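Q: This structure is in structure tokens; I'll ask about it shortly.
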Amino acid sequence: MPGIYVYSDKMKQAAALIGLAAQSGKEVCCITMDSNQAQELKQYGPDRIIILNGNSPLPENYAESIAQLIKKEQGELFLVASTVRGRELAAKTAGYLDCGMVSDAESLVFEDKRIISSRLMYGGSVVQKAVISQLAVVTVPAGNLEAVQKENAQVSIVSLEVQADPRVRLIETLAVKKDKIDLAAAEKVVCVGMGLDKQEDIKMAEELAQVLGAEIACTRGIAEERQWLPVESYIGISGAKIKPSLYISMGVSGQVQHVVGIRDSKIIAAVDSNEKAPIFRAADYSIIGDMYEIIPLLIEELKNA
Ligand SMILES: Cc1cc2nc3c(=O)[nH]c(=O)nc-3n(C[C@H](O)[C@H](O)[C@H](O)COP(=O)(O)OP(=O)(O)OC[C@H]3O[C@@H](n4cnc5c(N)ncnc54)[C@H](O)[C@@H]3O)c2cc1C
């Protein structure tokens, strides 16, 4: 029963991967270890859902079972969402399958006998294309893909008893202490860059964010070098990827490693004193000038609007 197998530990991304795999026109089999997730995923219309029943809470411990299943059914592709757990599972499964792997494919084009994958490299300045013509594992940053519901889908759900790899065990789970930031879901974002002179000037950005109803974000240097905002606040290739309706930057030069994280924003507005700053190439609205003059004026205007 050749086809495409998909997995994500996150419901939304699993649903999005089903839609991506369906573009191939081949059978789509969704793998899960969670029977509740299986019921929810039905509405996205994969052809099959296989629930792996094992004795481990760690998805990566099912890599060998998944590889055996794909081998047995002569599957063609295993698509995995690039979550922390997903990446781990993907790499192990590719190892057990002894097949090639593409990491973080931004797009997949399904052709008759091959798949063309594209991924960004070198901080987003190069697009690497790979041709997949035999069994492979591909991880996909599925956060930007939209899931599509399928009405009246006929989905077969089966449970499979499997032996999870016992060598890695979960001893304890502790919550990461984070400030409440969900930049990926933010509708509006105000982003501060190294153009900011002093930490206390973040108040100016906070005031703008408050009148706009926006979240505060920053570039990597603000979070990692100056430690003025938590690391969860920085946007870019190694930080958060955002897709708000509005992104406003202040004192952000717009290097490619940052812009990779903002390019799905609907409107990009930038304030920078350097007219040659690369951010202006990505911006829909460019304001060249000193943010210490412009931002207070903008706040005043918005308050009176
Ligand atoms: C492997 C790698 C991964 C990276 N990942 C990321 C990432 O995920 N995210 C990220 O952000 N960076 C990342 N970086 C760093 C990135 O290359 C840039 O160095 C960084 O984005 C620059 O941050 P910035 O724009 O805040 O600072 P700068 O480049 O220093 O820009 C500051 C800007 O402020 C302007 N300015 C100064 N004063 C004012 C004023 N008064 N009014 C208005 N404008 C003013 C300047 O004209 C300038 O354009 C990465 C780098 C590497 C090598």
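Ligands are numbered from 1 in the order shown, residues from 1 within each chain, and chains are lettered A, B, ... in the order they appear in the structure tokens.
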Which chains and residue numbers are within 9 Å of ligand 1, counting only C-alpha atoms and all ligand atoms, if I want them as JSON, numbers by chain?
A: {"A": [122, 123, 191, 192, 193, 194, 195, 196, 197, 218, 219, 220, 221, 222, 223, 234, 235, 236, 237, 238, 239, 240, 241, 250, 251, 252, 253, 254, 255, 256, 257, 258, 259, 260, 261, 271, 272, 273, 274, 275, 276, 277, 278, 279, 288, 289, 290, 291, 292, 293, 294]}
Q: Which residues are close to stretch 19-25 of chain A, i.e. within 10 Å by only C-alpha atoms, leaving aside same-chain residues fewer than 4 positions away? Reply as a PDB file with N, CA and C atoms, in the first residue's frame.
A:
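Output contents, as saved in selection-v4.pdb:
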```
ATOM      1  N   GLY A   3       2.490   4.942  -0.235  1.00  0.00           N
ATOM      2  CA  GLY A   3       1.879   6.236  -0.009  1.00  0.00           C
ATOM      3  C   GLY A   3       2.743   7.095   0.870  1.00  0.00           C
ATOM      4  N   ILE A   4       2.131   8.139   1.410  1.00  0.00           N
ATOM      5  CA  ILE A   4       2.881   9.079   2.238  1.00  0.00           C
ATOM      6  C   ILE A   4       2.415   8.975   3.687  1.00  0.00           C
ATOM      7  N   TYR A   5       3.355   8.910   4.583  1.00  0.00           N
ATOM      8  CA  TYR A   5       3.070   8.812   6.014  1.00  0.00           C
ATOM      9  C   TYR A   5       3.379  10.167   6.641  1.00  0.00           C
ATOM     10  N   VAL A   6       2.522  10.630   7.539  1.00  0.00           N
ATOM     11  CA  VAL A   6       2.787  11.931   8.178  1.00  0.00           C
ATOM     12  C   VAL A   6       2.713  11.766   9.695  1.00  0.00           C
ATOM     13  N   GLN A  13      -0.299  20.939  13.382  1.00  0.00           N
ATOM     14  CA  GLN A  13       0.709  20.680  12.364  1.00  0.00           C
ATOM     15  C   GLN A  13       0.480  19.329  11.689  1.00  0.00           C
ATOM     16  N   ALA A  14      -0.022  18.366  12.463  1.00  0.00           N
ATOM     17  CA  ALA A  14      -0.351  17.069  11.858  1.00  0.00           C
ATOM     18  C   ALA A  14      -1.443  17.278  10.806  1.00  0.00           C
ATOM     19  N   ALA A  15      -2.434  18.111  11.150  1.00  0.00           N
ATOM     20  CA  ALA A  15      -3.534  18.393  10.218  1.00  0.00           C
ATOM     21  C   ALA A  15      -2.995  19.067   8.956  1.00  0.00           C
ATOM     22  N   CYS A  29      -1.331   8.411   5.003  1.00  0.00           N
ATOM     23  CA  CYS A  29      -1.526   7.677   6.251  1.00  0.00           C
ATOM     24  C   CYS A  29      -0.957   8.512   7.397  1.00  0.00           C
ATOM     25  N   CYS A  30      -1.802   8.813   8.353  1.00  0.00           N
ATOM     26  CA  CYS A  30      -1.362   9.650   9.470  1.00  0.00           C
ATOM     27  C   CYS A  30      -1.021   8.743  10.654  1.00  0.00           C
ATOM     28  N   TYR A  44      -9.707  16.003   8.833  1.00  0.00           N
ATOM     29  CA  TYR A  44      -8.819  16.520   7.790  1.00  0.00           C
ATOM     30  C   TYR A  44      -8.627  15.514   6.646  1.00  0.00           C
ATOM     31  N   GLY A  45      -9.287  14.370   6.788  1.00  0.00           N
ATOM     32  CA  GLY A  45      -9.423  13.429   5.681  1.00  0.00           C
ATOM     33  C   GLY A  45      -8.191  12.700   5.202  1.00  0.00           C
ATOM     34  N   PRO A  46      -7.317  12.189   6.114  1.00  0.00           N
ATOM     35  CA  PRO A  46      -6.292  11.277   5.594  1.00  0.00           C
ATOM     36  C   PRO A  46      -6.990   9.985   5.185  1.00  0.00           C
ATOM     37  N   ASP A  47      -6.354   9.157   4.361  1.00  0.00           N
ATOM     38  CA  ASP A  47      -7.005   7.889   3.999  1.00  0.00           C
ATOM     39  C   ASP A  47      -7.012   6.943   5.195  1.00  0.00           C
ATOM     40  N   LEU A  77       7.294   8.006   1.377  1.00  0.00           N
ATOM     41  CA  LEU A  77       7.793   9.234   2.011  1.00  0.00           C
ATOM     42  C   LEU A  77       7.239   9.324   3.429  1.00  0.00           C
ATOM     43  N   PHE A  78       8.077   9.790   4.350  1.00  0.00           N
ATOM     44  CA  PHE A  78       7.610  10.038   5.726  1.00  0.00           C
ATOM     45  C   PHE A  78       7.803  11.526   5.995  1.00  0.00           C
ATOM     46  N   LEU A  79       6.686  12.239   6.162  1.00  0.00           N
ATOM     47  CA  LEU A  79       6.715  13.681   6.419  1.00  0.00           C
ATOM     48  C   LEU A  79       6.517  13.934   7.903  1.00  0.00           C
ATOM     49  N   SER A 107       9.258  24.033   1.008  1.00  0.00           N
ATOM     50  CA  SER A 107       8.186  23.684   0.073  1.00  0.00           C
ATOM     51  C   SER A 107       8.484  22.329  -0.558  1.00  0.00           C
ATOM     52  N   LEU A 108       7.401  21.652  -0.948  1.00  0.00           N
ATOM     53  CA  LEU A 108       7.525  20.362  -1.635  1.00  0.00           C
ATOM     54  C   LEU A 108       6.653  20.414  -2.882  1.00  0.00           C
ATOM     55  N   VAL A 109       7.231  20.059  -4.011  1.00  0.00           N
ATOM     56  CA  VAL A 109       6.430  19.998  -5.245  1.00  0.00           C
ATOM     57  C   VAL A 109       6.398  18.535  -5.669  1.00  0.00           C
ATOM     58  N   PHE A 110       5.177  17.993  -5.733  1.00  0.00           N
ATOM     59  CA  PHE A 110       5.034  16.574  -6.071  1.00  0.00           C
ATOM     60  C   PHE A 110       4.915  16.434  -7.587  1.00  0.00           C
ATOM     61  N   GLU A 111       5.857  15.754  -8.191  1.00  0.00           N
ATOM     62  CA  GLU A 111       5.774  15.467  -9.617  1.00  0.00           C
ATOM     63  C   GLU A 111       5.452  13.990  -9.767  1.00  0.00           C
ATOM     64  N   ASP A 112       5.359  13.539 -11.020  1.00  0.00           N
ATOM     65  CA  ASP A 112       4.929  12.172 -11.259  1.00  0.00           C
ATOM     66  C   ASP A 112       5.761  11.139 -10.478  1.00  0.00           C
ATOM     67  N   ILE A 115       9.873  14.132  -6.130  1.00  0.00           N
ATOM     68  CA  ILE A 115       9.421  15.279  -5.331  1.00  0.00           C
ATOM     69  C   ILE A 115      10.575  16.280  -5.313  1.00  0.00           C
ATOM     70  N   VAL A 140       9.292  19.228   7.954  1.00  0.00           N
ATOM     71  CA  VAL A 140       8.675  20.432   7.389  1.00  0.00           C
ATOM     72  C   VAL A 140       8.312  21.380   8.534  1.00  0.00           C
ATOM     73  N   ALA A 142       5.897  23.098   9.741  1.00  0.00           N
ATOM     74  CA  ALA A 142       4.496  23.119   9.308  1.00  0.00           C
ATOM     75  C   ALA A 142       3.699  24.280   9.902  1.00  0.00           C
ATOM     76  N   LEU A 145       1.714  26.308   7.417  1.00  0.00           N
ATOM     77  CA  LEU A 145       0.773  25.643   6.506  1.00  0.00           C
ATOM     78  C   LEU A 145      -0.631  25.672   7.108  1.00  0.00           C
ATOM     79  N   GLU A 146      -1.601  25.867   6.243  1.00  0.00           N
ATOM     80  CA  GLU A 146      -2.992  25.880   6.721  1.00  0.00           C
ATOM     81  C   GLU A 146      -3.574  24.479   6.580  1.00  0.00           C
ATOM     82  N   ALA A 147      -4.267  24.018   7.620  1.00  0.00           N
ATOM     83  CA  ALA A 147      -4.951  22.723   7.521  1.00  0.00           C
ATOM     84  C   ALA A 147      -6.293  22.927   6.826  1.00  0.00           C
ATOM     85  N   VAL A 148      -6.676  21.946   6.016  1.00  0.00           N
ATOM     86  CA  VAL A 148      -7.959  22.057   5.313  1.00  0.00           C
ATOM     87  C   VAL A 148      -8.854  20.899   5.745  1.00  0.00           C
ATOM     88  N   GLN A 149     -10.067  21.242   6.179  1.00  0.00           N
ATOM     89  CA  GLN A 149     -10.981  20.174   6.595  1.00  0.00           C
ATOM     90  C   GLN A 149     -11.625  19.547   5.360  1.00  0.00           C
ATOM     91  N   LYS A 150     -11.911  18.252   5.453  1.00  0.00           N
ATOM     92  CA  LYS A 150     -12.538  17.549   4.332  1.00  0.00           C
ATOM     93  C   LYS A 150     -13.866  16.996   4.816  1.00  0.00           C
TER      94      LYS A 150
END
```
Q: Stretch 118-120 of chain A: which residues within 9 Å, counting only C-alpha atoms, same-chain residues fewer than 2 positions away excluded, as number ranges by chain?
A: A: 102-109, 116, 122-130
Q: Output C-alpha atoms of each residue in that selection to a file, as a short mmCIF file (atom, residue, chain, number, x, y, z; two decimals), in the first residue's frame.
A:
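Okay, this is what ended up in part28.cif:
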```cif
data_model
loop_
_atom_site.label_atom_id
_atom_site.label_comp_id
_atom_site.auth_asym_id
_atom_site.auth_seq_id
_atom_site.Cartn_x
_atom_site.Cartn_y
_atom_site.Cartn_z
CA VAL A 102 15.75 16.45 4.03
CA SER A 103 15.50 18.82 6.99
CA ASP A 104 13.19 21.82 7.18
CA ALA A 105 11.81 21.72 3.63
CA GLU A 106 10.05 25.06 3.07
CA SER A 107 8.19 23.68 0.07
CA LEU A 108 7.53 20.36 -1.63
CA VAL A 109 6.43 20.00 -5.25
CA ILE A 116 11.31 18.58 -5.44
CA TYR A 122 23.23 29.96 5.06
CA GLY A 123 20.92 32.12 7.13
CA GLY A 124 18.28 32.27 4.41
CA SER A 125 20.51 33.68 1.68
CA VAL A 126 20.48 30.51 -0.45
CA VAL A 127 17.64 28.18 -1.48
CA GLN A 128 18.73 24.57 -1.78
CA LYS A 129 16.61 22.31 -3.99
CA ALA A 130 16.73 18.54 -3.62
#
```
Q: Would you list, as a count of residues only, the residues of stretch 49-229 of chain A that end up in strand (DSSP E) under DSSP run on this structure's backbone?
A: 51
Q: To one decimal in Å, tell me the separation between atom CA of A:Asn152 and atom CA of A:Lys42.
A: 9.5 Å
Q: Could you give me, as a ChimeraX atom specification, the residues within 10 Å of A:Val84, counting only C-alpha atoms and dropping anything in the same chain fewer than 4 positions from it?
A: /A:9,88-89
Q: Hey, can you spit out that residue selection with all heavy atoms as a tab-separated table (two decimals), in the first residue's frame?
A:
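Final output, saved to part.tsv:
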```
chain	number	residue	atom	x	y	z
A	9	ASP	N	3.60	15.62	16.65
A	9	ASP	CA	3.08	15.53	18.02
A	9	ASP	C	2.11	16.69	18.28
A	9	ASP	O	1.37	16.67	19.25
A	9	ASP	CB	4.22	15.54	19.04
A	9	ASP	CG	5.23	16.67	18.82
A	9	ASP	OD1	5.58	16.93	17.66
A	9	ASP	OD2	5.65	17.29	19.80
A	88	GLU	N	13.68	14.73	16.15
A	88	GLU	CA	14.33	13.56	16.76
A	88	GLU	C	13.79	12.27	16.13
A	88	GLU	O	14.54	11.39	15.75
A	88	GLU	CB	14.02	13.57	18.27
A	88	GLU	CG	14.77	12.58	19.06
A	88	GLU	CD	15.84	13.25	19.91
A	88	GLU	OE1	16.15	14.43	19.68
A	88	GLU	OE2	16.34	12.59	20.79
A	89	LEU	N	12.46	12.21	16.04
A	89	LEU	CA	11.83	11.01	15.47
A	89	LEU	C	12.24	10.83	14.01
A	89	LEU	O	12.55	9.73	13.57
A	89	LEU	CB	10.29	11.14	15.57
A	89	LEU	CG	9.51	10.04	14.88
A	89	LEU	CD1	9.66	8.72	15.62
A	89	LEU	CD2	8.03	10.40	14.77
```
Q: Which residue is closest to A:Thr139? Choose from A:Ile49, A:Leu17, A:Ile262, A:Leu160 and count only C-alpha atoms.
A: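 Among A:Ile49, A:Leu17, A:Ile262, A:Leu160, it is A:Leu17 that comes nearest to A:Thr139.
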Q: From the list A:Pro57, A:Gly100, A:Gly95, A:Pro141, which residue is nearest A:Ala16 when using only C-alpha atoms?
A: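 Of A:Pro57, A:Gly100, A:Gly95, A:Pro141, the one nearest A:Ala16 is A:Pro141, counting only C-alpha atoms.
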Q: Sorted by chain and rising residue number, which residues of stretch 139-223 of chain A lie within 8 Å of stretch 297-304 of chain A, and what are their closest atom pairs and distances in Å to one decimal, counting only C-alpha atoms, as a tab-separated table?
A:
```
residue	atom	partner	partner_atom	distance
A:Glu207	CA	A:Ile299	CA	7.3
A:Leu208	CA	A:Ile299	CA	5.5
A:Val211	CA	A:Lys303	CA	6.6
A:Leu212	CA	A:Leu302	CA	7.7
```
